[in-house]
Amino acid sequence: MKDKIHPKYAESTVTCACGEVIHTRSTKPEIHVGICSKCHPFFTGKQKLVDSAGRIEKFMRKYGKKKAGE
């Protein structure tokens, strides 16, 4: 490998929105994620809505469209 062209690979802290903190190694010192293996529905087996409520209504308000049938 060539010298002085690769980023530093050091200890890193990954923080999830649920509060889980994972220590790993990366080229970035801190990483913030919205969902991790502790709170993801695939791993927990529980259905959890992740910021999906109101998305259609927000789109309709933003673009001034009416729902079908109105």
# chains A, B, ... in the order shown; residues from 1 in each chain; ligands from 1
>>> residues_around(residues="range 5-9 of chain A", least_positions_apart="5", cutoff="7 Å", atoms="only C-alpha atoms", output="list of chain:residue names")
A:Arg25, A:Ser26, A:Thr27
>>> write_last_selection(atoms="C-alpha atoms", output="mmCIF file, in the first residue's frame")
data_model
loop_
_atom_site.group_PDB
_atom_site.id
_atom_site.type_symbol
_atom_site.label_atom_id
_atom_site.label_comp_id
_atom_site.auth_asym_id
_atom_site.auth_seq_id
_atom_site.Cartn_x
_atom_site.Cartn_y
_atom_site.Cartn_z
ATOM 1 C CA ARG A 25 -13.702 1.000 14.097
ATOM 2 C CA SER A 26 -14.225 3.365 11.172
ATOM 3 C CA THR A 27 -12.712 6.284 9.296
#
>>> residues_around(residues="Thr24 in chain A", least_positions_apart="3", cutoff="10 Å", atoms="only C-alpha atoms", output="PyMOL selection string")
chain A and resi 10-14+21+29-30
>>> write_last_selection(atoms="C-alpha atoms", output="compact mmCIF listing (two decimals), in the first residue's frame")
# COMPACT_ATOMS: atom_id res chain seq x y z
CA ALA A 10 -9.59 4.40 14.38
CA GLU A 11 -12.07 3.71 17.18
CA SER A 12 -15.58 4.96 16.39
CA THR A 13 -18.87 5.33 18.26
CA VAL A 14 -22.15 4.49 16.52
CA VAL A 21 -24.32 2.90 21.56
CA PRO A 29 -15.02 9.18 14.80
CA GLU A 30 -18.83 9.36 15.33
